[in-house]
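Okay, start11.txt is below, compact mmCIF, C-alpha atoms (C1' of nucleotides):
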```txt
# COMPACT_ATOMS: atom_id res chain seq x y z
CA MET A 1 -54.84 11.88 -9.45
CA ALA A 2 -54.58 14.05 -6.37
CA TRP A 3 -53.63 12.43 -3.09
CA THR A 4 -56.49 12.39 -0.58
CA LYS A 5 -56.20 12.00 3.15
CA ASN A 6 -57.95 8.64 3.00
CA LYS A 7 -55.61 7.34 0.36
CA ILE A 8 -52.62 8.40 2.45
CA LYS A 9 -54.20 6.75 5.50
CA ASP A 10 -54.37 3.48 3.53
CA GLY A 11 -50.68 3.79 2.70
CA PHE A 12 -49.79 4.49 6.32
CA ASP A 13 -51.80 1.46 7.48
CA LYS A 14 -50.14 -0.76 4.90
CA PHE A 15 -46.73 0.40 6.06
CA TYR A 16 -47.75 -0.26 9.66
CA GLN A 17 -48.79 -3.82 8.86
CA GLU A 18 -45.41 -4.46 7.26
CA HIS A 19 -43.22 -2.70 9.82
CA GLY A 20 -45.15 -2.52 13.08
CA ARG A 21 -44.89 1.27 13.18
CA TYR A 22 -45.64 4.31 11.07
CA PRO A 23 -43.05 5.81 8.67
CA THR A 24 -40.71 8.78 9.03
CA ALA A 25 -40.29 11.36 6.26
CA LEU A 26 -37.54 9.39 4.53
CA GLU A 27 -39.53 6.15 4.73
CA ILE A 28 -42.55 7.94 3.30
CA ASP A 29 -40.42 9.06 0.36
CA GLU A 30 -39.22 5.53 -0.30
CA TYR A 31 -42.67 3.93 0.01
CA ALA A 32 -44.54 3.40 -3.25
CA ASP A 33 -48.06 3.68 -1.79
CA LEU A 34 -47.46 7.11 -0.30
CA PRO A 35 -46.83 10.54 -1.82
CA SER A 36 -43.54 12.37 -1.27
CA SER A 37 -43.08 13.89 2.17
CA ARG A 38 -42.57 17.19 0.36
CA GLN A 39 -46.07 16.99 -1.01
CA ILE A 40 -47.51 16.22 2.43
CA GLN A 41 -45.85 19.39 3.68
CA ARG A 42 -47.43 21.45 0.93
CA ARG A 43 -50.91 19.96 0.91
CA PHE A 44 -51.46 19.12 4.58
CA GLY A 45 -49.34 21.61 6.49
CA GLY A 46 -46.56 19.26 7.47
CA LEU A 47 -46.08 15.71 8.64
CA PRO A 48 -46.87 16.22 12.35
CA LYS A 49 -50.13 17.96 11.41
CA LEU A 50 -51.20 15.18 9.07
CA ARG A 51 -50.26 12.51 11.63
CA GLN A 52 -52.38 14.31 14.18
CA GLU A 53 -55.35 14.46 11.82
CA LEU A 54 -54.96 10.75 11.11
CA GLY A 55 -54.84 10.04 14.83
CA LEU A 56 -51.38 8.47 14.86
CA GLU A 57 -49.51 8.03 18.12
CA THR A 58 -46.15 9.54 17.20
CA LEU A 59 -46.63 13.02 15.76
CA ASP A 60 -43.01 14.16 15.45
CA PHE A 61 -39.95 11.93 15.42
CA THR A 62 -37.68 14.88 16.29
CA LYS A 63 -39.16 15.41 19.74
CA GLY A 64 -39.92 13.61 22.99
CA SER A 65 -39.04 10.07 24.02
CA ILE A 66 -38.67 8.76 20.47
CA ARG A 67 -35.98 11.38 19.85
CA SER A 68 -34.43 10.79 23.25
CA GLN A 69 -33.94 7.09 22.52
CA LYS A 70 -32.44 7.86 19.13
CA ALA A 71 -30.04 10.46 20.57
CA GLN A 72 -28.81 7.97 23.16
CA TYR A 73 -28.23 5.41 20.44
CA ILE A 74 -26.36 7.96 18.32
CA GLY A 75 -24.16 8.99 21.23
CA LYS A 76 -23.12 5.46 22.15
CA ARG A 77 -22.50 4.50 18.54
CA GLY A 78 -20.28 7.55 18.08
CA LEU A 79 -18.18 6.81 21.15
CA ASP A 80 -17.70 3.17 20.19
CA PHE A 81 -16.49 4.02 16.69
CA GLU A 82 -14.24 6.78 17.99
CA LYS A 83 -12.53 4.31 20.35
CA GLU A 84 -11.82 1.96 17.46
CA ILE A 85 -10.25 4.69 15.34
CA ARG A 86 -8.26 5.88 18.35
CA LYS A 87 -6.75 2.40 18.69
CA VAL A 88 -5.76 2.30 15.02
CA LEU A 89 -4.10 5.72 15.18
CA LEU A 90 -2.22 5.05 18.41
CA GLU A 91 -0.86 1.76 17.09
CA LYS A 92 0.44 3.40 13.96
CA PHE A 93 1.67 6.79 15.15
CA GLY A 94 2.12 6.44 18.90
CA GLU A 95 0.64 8.34 21.77
CA VAL A 96 2.96 11.33 21.48
CA PHE A 97 1.92 12.08 17.92
CA VAL A 98 -1.82 11.64 18.17
CA HIS A 99 -3.53 14.50 19.93
CA GLU A 100 -7.13 14.05 20.91
CA GLN A 101 -9.67 16.84 21.21
CA LYS A 102 -7.17 19.36 19.88
CA PRO A 103 -8.35 22.95 20.33
CA PHE A 104 -8.36 25.13 17.23
CA ASN A 105 -9.93 28.39 16.05
CA ASP A 106 -9.28 30.16 19.35
CA TYR A 107 -10.54 27.18 21.30
CA VAL A 108 -13.99 27.53 19.85
CA GLY A 109 -14.25 24.06 18.39
CA ARG A 110 -12.55 20.72 18.93
CA LEU A 111 -11.27 18.03 16.63
CA ASP A 112 -11.53 14.32 17.36
CA PHE A 113 -7.84 13.72 16.51
CA PHE A 114 -4.81 15.57 15.24
CA VAL A 115 -1.88 13.50 13.91
CA TYR A 116 1.75 14.53 13.56
CA ALA A 117 3.55 12.36 11.01
CA LYS A 118 6.71 12.61 8.95
CA ASN A 119 6.40 15.69 6.70
CA ASN A 120 2.72 15.72 7.39
CA LYS A 121 0.14 16.72 9.96
CA PHE A 122 -3.62 16.48 9.66
CA GLY A 123 -6.85 16.54 11.59
CA ILE A 124 -9.46 13.78 11.68
CA ASP A 125 -13.15 14.17 12.38
CA VAL A 126 -14.94 10.86 12.80
CA PHE A 127 -18.63 10.60 12.01
CA PHE A 128 -21.37 8.11 11.15
CA ALA A 129 -24.15 8.90 8.70
CA SER A 130 -27.17 6.60 8.61
CA ASP A 131 -28.14 7.50 5.05
CA ILE A 132 -27.23 9.77 2.17
CA HIS A 133 -29.25 12.72 3.36
CA SER A 134 -27.64 12.48 6.77
CA LEU A 135 -24.28 12.29 5.02
CA MET A 136 -25.06 15.55 3.21
CA GLY A 137 -26.18 17.16 6.42
CA CYS A 138 -23.07 16.11 8.32
CA ILE A 139 -20.73 17.27 5.57
CA ASN A 140 -22.45 20.66 5.31
CA TYR A 141 -22.44 21.02 9.07
CA LYS A 142 -18.73 20.24 9.29
CA GLN A 143 -17.98 22.52 6.38
CA ARG A 144 -19.42 25.38 8.41
CA LEU A 145 -17.74 24.17 11.60
CA TYR A 146 -14.27 23.99 10.06
CA LYS A 147 -14.48 26.96 7.73
CA ASN A 148 -11.49 28.67 9.39
CA PHE A 149 -9.41 25.51 9.68
CA THR A 150 -6.36 25.60 7.41
CA ASP A 151 -4.52 22.31 8.01
CA GLY A 152 -5.44 19.16 6.15
CA LEU A 153 -8.64 17.65 7.47
CA ILE A 154 -10.14 14.21 6.96
CA LEU A 155 -13.83 13.69 7.58
CA LEU A 156 -13.95 9.96 8.23
CA GLN A 157 -17.34 8.38 7.50
CA LEU A 158 -17.78 5.04 9.29
CA ASN A 159 -21.08 3.61 8.06
CA PRO A 160 -19.92 0.59 6.00
CA GLU A 161 -23.04 0.82 3.84
CA ILE A 162 -21.86 4.20 2.54
CA ASP A 163 -18.75 3.57 0.45
CA GLN A 164 -16.37 5.97 -1.25
CA ARG A 165 -18.33 5.88 -4.50
CA ILE A 166 -21.45 7.16 -2.73
CA ILE A 167 -19.44 9.79 -0.87
CA ASP A 168 -17.82 11.06 -4.07
CA GLN A 169 -21.20 11.16 -5.79
CA CYS A 170 -22.55 13.20 -2.91
CA LEU A 171 -19.60 15.60 -3.05
CA SER A 172 -19.94 16.12 -6.79
CA ASN A 173 -23.58 17.13 -6.31
CA LYS A 174 -22.76 19.68 -3.64
CA LYS A 175 -23.59 23.24 -4.64
CA ASN A 176 -20.81 24.84 -2.62
CA ALA A 177 -17.83 22.53 -2.93
CA LEU A 178 -15.61 21.65 0.00
CA PRO A 179 -12.35 23.61 0.30
CA SER A 180 -9.29 21.75 -0.96
CA ASN A 181 -7.89 21.02 2.51
CA ILE A 182 -10.93 18.91 3.46
CA ALA A 183 -11.47 15.33 2.26
CA VAL A 184 -14.30 12.92 3.05
CA LEU A 185 -13.17 9.29 3.26
CA SER A 186 -14.70 5.89 3.90
CA LEU A 187 -12.88 3.62 6.35
CA ASP A 188 -11.34 1.59 3.50
CA LYS A 189 -9.94 4.67 1.82
CA PHE A 190 -8.76 6.04 5.14
CA LEU A 191 -6.78 2.89 5.92
CA GLU A 192 -5.28 3.03 2.43
CA PHE A 193 -4.30 6.63 3.04
CA LEU A 194 -2.67 5.74 6.36
CA LYS A 195 -0.39 3.27 4.56
CA THR A 196 1.11 6.17 2.61
CA ILE A 197 1.89 8.16 5.76
CA GLN A 198 5.12 7.57 7.65
CA PRO A 199 5.05 7.92 11.43
CA LEU A 200 7.44 10.14 13.33
CA HIS A 201 9.89 8.37 15.60
CA VAL A 202 11.74 9.46 18.68
CA LEU A 203 15.37 8.55 18.26
C1' DT B 1 -51.82 23.94 -24.23
C1' DC B 2 -51.05 25.21 -19.70
C1' DA B 3 -51.82 25.77 -14.78
C1' DG B 4 -51.82 23.08 -10.84
C1' DA B 5 -50.14 18.80 -8.73
C1' DT B 6 -46.26 16.17 -7.78
C1' DG B 7 -41.40 14.35 -7.31
C1' DG B 8 -36.98 15.19 -5.87
C1' DC B 9 -32.63 17.63 -4.76
C1' DC B 10 -30.20 20.43 -1.54
C1' DG B 11 -29.32 23.43 2.51
C1' DG B 12 -30.62 24.81 7.11
C1' DC B 13 -32.33 24.33 11.70
C1' DG B 14 -34.00 22.60 16.19
C1' DA B 15 -34.39 18.49 19.48
C1' DG B 16 -32.07 15.83 22.69
C1' DA B 17 -27.81 13.34 24.68
C1' DA B 18 -23.29 13.82 26.19
C1' DA B 19 -19.22 15.85 27.77
C1' DG B 20 -16.19 19.79 29.26
C1' DC C 1 -23.27 27.20 31.61
C1' DT C 2 -20.94 25.88 27.00
C1' DT C 3 -20.03 22.89 23.05
C1' DT C 4 -20.55 18.88 19.40
C1' DC C 5 -23.22 15.42 16.85
C1' DT C 6 -26.87 13.18 14.03
C1' DC C 7 -31.66 12.79 12.69
C1' DG C 8 -36.14 14.26 11.15
C1' DC C 9 -38.44 17.85 9.28
C1' DC C 10 -39.19 22.23 6.57
C1' DG C 11 -38.68 25.34 2.64
C1' DG C 12 -36.78 27.12 -1.80
C1' DC C 13 -36.27 25.81 -6.23
C1' DC C 14 -36.74 23.40 -10.61
C1' DA C 15 -38.26 19.49 -13.58
C1' DT C 16 -41.91 16.51 -14.92
C1' DC C 17 -46.54 14.92 -15.09
C1' DT C 18 -51.64 15.28 -15.68
C1' DG C 19 -56.10 16.40 -16.99
C1' DA C 20 -59.45 19.59 -18.76
```
What does the file become when written as structure tokens?
Amino acid sequence: MAWTKNKIKDGFDKFYQEHGRYPTALEIDEYADLPSSRQIQRRFGGLPKLRQELGLETLDFTKGSIRSQKAQYIGKRGLDFEKEIRKVLLEKFGEVFVHEQKPFNDYVGRLDFFVYAKNNKFGIDVFFASDIHSLMGCINYKQRLYKNFTDGLILLQLNPEIDQRIIDQCLSNKKNALPSNIAVLSLDKFLEFLKTIQPLHVL
DNA sequence: TCAGATGGCCGGCGAGAAAG
DNA sequence: CTTTCTCGCCGGCCATCTGA
């Protein structure tokens, strides 16, 4: 049974009644009374085009005020989590041995943290992924970003709903695997890892 | 039986905020 | 000006379904 525009409109309206707004691509995919967002792209020339034809208010969630609000939220969330991790690292290793915003790759990019410990030094990049697709996107993005980075690097994922099992599943599905110096850890696993690292001390 | 419709996975990219 | 960061969307690709 082919999806018609009217049938999709019914699904959109049903979603609206339940949520007070219309769905994004991911929400369309998860909603039983709607086709896949992929199919909407193929059959109707994309989500913004279909939304326009259905007369919806928000045509594209990646632009305008709706995006602006989301970007602000993302920025604040990132800063708050980074402060928390900063506190944990400083308590354990001390100010002298935790470098923030360390330049690397000829000062092209910057790390969140770089830690000097006993017989060990490693970089940390803190991030928050709202869902599994975002997780994939962030990991791929950072893989490109850090492709010339040779020290050990921890990508620290801070969404508590995404645990290490989900992360490992995601990594095993990756087509081009991460290089061996890069690990992706949940907060739990990261704290476990920190227990195995001895701080440097000034005598 | 088989071509078109559909679902779903994965990678890439641009929008916008924020900070140097 | 430059950069990073995440989200929402698009497109390539392949597997599965469906109906004539």
Which of A:Ile139, A:Leu187, A:Leu47, A:Ile28 sits closest to chain C [using all atoms listed in the file] =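 Among A:Ile139, A:Leu187, A:Leu47, A:Ile28, it is A:Leu47 that comes nearest to chain C.
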Near chain A, 9 Å: chain C residue rows, closest pairs, all atoms listed in the file, as CSV:
```
residue,atom,partner,partner_atom,distance
C:DT3,C1',A:Gly109,CA,7.5
C:DT4,C1',A:Gly109,CA,8.2
C:DC5,C1',A:Gly75,CA,7.8
C:DT6,C1',A:Ile74,CA,6.8
C:DC7,C1',A:Ser134,CA,7.2
C:DG8,C1',A:Thr62,CA,5.4
C:DC9,C1',A:Ala25,CA,7.4
C:DC10,C1',A:Gln41,CA,7.8
C:DT18,C1',A:Met1,CA,7.8
C:DG19,C1',A:Met1,CA,8.9
```
Can you write just those residues out, C-alpha atoms (C1' of nucleotides), as a PDB file, in the coordinates of the input?
```
ATOM      1  C1'  DT C   3     -20.030  22.890  23.050  1.00  0.00           C
ATOM      2  C1'  DT C   4     -20.550  18.880  19.400  1.00  0.00           C
ATOM      3  C1'  DC C   5     -23.220  15.420  16.850  1.00  0.00           C
ATOM      4  C1'  DT C   6     -26.870  13.180  14.030  1.00  0.00           C
ATOM      5  C1'  DC C   7     -31.660  12.790  12.690  1.00  0.00           C
ATOM      6  C1'  DG C   8     -36.140  14.260  11.150  1.00  0.00           C
ATOM      7  C1'  DC C   9     -38.440  17.850   9.280  1.00  0.00           C
ATOM      8  C1'  DC C  10     -39.190  22.230   6.570  1.00  0.00           C
ATOM      9  C1'  DT C  18     -51.640  15.280 -15.680  1.00  0.00           C
ATOM     10  C1'  DG C  19     -56.100  16.400 -16.990  1.00  0.00           C
TER      11       DG C  19
END
```
re C1' of DC13 (chain C) and CA of Leu171 (chain A): distance 19.8 Å
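For the atom pair formed by CA of Phe44 (chain A) and CA of Lys5 (chain A), the distance is 8.7 Å, given to one decimal.
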Could you pull out every residue with an atom within 12 Å of (-42.3, 5.2, 6.8), file coordinates, counting all atoms listed in the file, and send them as a PyMOL selection string?
-> (chain A and resi 8+11-37+47+51+58+61) or (chain C and resi 8)
May I ask you to extract the residues of chain B within 10 Å of chain A, using only C-alpha atoms (C1' of nucleotides), and to give them as a list in words?
-> DA5, DT6, DG7, DG8, DC9, DC10, DG11, DG12, DG14, DA15, DG16, DA17 and DA18 of chain B
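Separating C1' of DC14 (chain C) from C1' of DA3 (chain B) is a distance of 15.8 Å.
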What's the 10 Å shell around region 113-116 of chain A, counting all atoms listed in the file, without same-chain residues fewer than 6 positions away, as a list in words?
-> Glu82, Ile85, Arg86, Leu89, Leu90, Phe93, Gly94, Glu95, Val96, Phe97, Val98, His99, Glu100, Gln101, Lys102, Pro103, Phe122, Gly123, Ile124, Asp125, Val126, Asp151, Gly152, Leu153, Ile154, Gln198, Pro199 and Leu200 of chain A
